Amino acid sequence: METKNVVSVAEMARMLGLSRSRFYQLVGTTFPVPLYDVASRRPFYDENLQQICIDVRRRNCGIDGKPVFFYCRGANAPLPKRKPKPAKSSQYVDLIDGLQALGLATTAERVAEAMRVLYPKGAGATSESEVLRSVFLHIKRQNTADNVR
């Protein structure tokens, strides 16, 4: 591993493959305390301290002589997979999103049925807000399990 004349604490942590917070936890016991610039009071590691830190990481033995284990995911480890959002294949995607924004969880089938009942010839020149309002009220008035006394 290549060293520089001086590096910041954050850069030293990156060189070792550790987070900055984990590196700070280990400073003083596992890793040496950084030097401080008199003018700016910023901590830094010179070449000698960088080499000590690299040796500690390589040997898994701190400057206090105690063994230390480092967690490393590895460069080739797979990242956790995210579940893809289900594709909305309905022609009423915007309408369903609007209903969900109003707090009404519904399905594409219920929206399609409401549109057939309310607008048998199509919504045509009706504004989107009026369609949203009427579909919302229609679905809320239905005798569903959560709406029946």
# chains A, B, ... in the order shown; residues from 1 in each chain; ligands from 1
call {"tool": "select_by_dssp", "arguments": {"residues": "segment 26-119 of chain A", "states": "helix (DSSP H, G or I)", "output": "number ranges by chain"}}
result
A: 26, 47-59, 93-101, 108-118
call {"tool": "residues_around", "arguments": {"residues": "Ser21 of chain A", "least_positions_apart": "6", "cutoff": "12 Å", "atoms": "only C-alpha atoms", "output": "JSON, numbers by chain"}}
result
{"A": [9, 10, 12, 13, 14, 27]}
call {"tool": "closest_residue", "arguments": {"among": "A:Gly62, A:Gly98, A:Pro120, A:Gly17", "to": "Arg133 of chain A", "atoms": "only C-alpha atoms"}}
result
A:Gly98
call {"tool": "residues_around", "arguments": {"residues": "Met115 of chain A", "least_positions_apart": "4", "cutoff": "12 Å", "atoms": "only C-alpha atoms", "output": "MDAnalysis selection string"}}
result
chainID A and resid 91:92 95:96 108:111 119:124 131:139
call {"tool": "select_by_dssp", "arguments": {"residues": "segment 31-147 of chain A", "states": "strand (DSSP E)", "output": "list in words"}}
result
Leu35, Tyr36, Pro43, Phe44, Tyr45 and Asp46 of chain A
call {"tool": "residues_around", "arguments": {"residues": "Lys66 of chain A", "least_positions_apart": "5", "cutoff": "9 Å", "atoms": "only C-alpha atoms", "output": "list in words"}}
result
Thr29, Thr30, Asn60 and Cys61 of chain A
call {"tool": "closest_residue", "arguments": {"among": "A:Val38, A:Val56, A:Arg82, A:Met1", "to": "Phe69 of chain A", "atoms": "only C-alpha atoms"}}
result
A:Val56
call {"tool": "closest_residue", "arguments": {"among": "A:Lys140, A:Gly65, A:Phe70, A:Ser129", "to": "Asp94 of chain A", "atoms": "only C-alpha atoms"}}
result
A:Ser129
call {"tool": "atom_distance", "arguments": {"atom1": "atom CA of Val33 of chain A", "atom2": "atom CA of Leu49 of chain A"}}
result
8.7 Å
call {"tool": "atom_distance", "arguments": {"atom1": "atom CA of Met15 of chain A", "atom2": "atom CA of Arg41 of chain A"}}
result
22.0 Å
call {"tool": "atom_distance", "arguments": {"atom1": "atom CA of Lys4 of chain A", "atom2": "atom CA of Gln50 of chain A"}}
result
8.3 Å
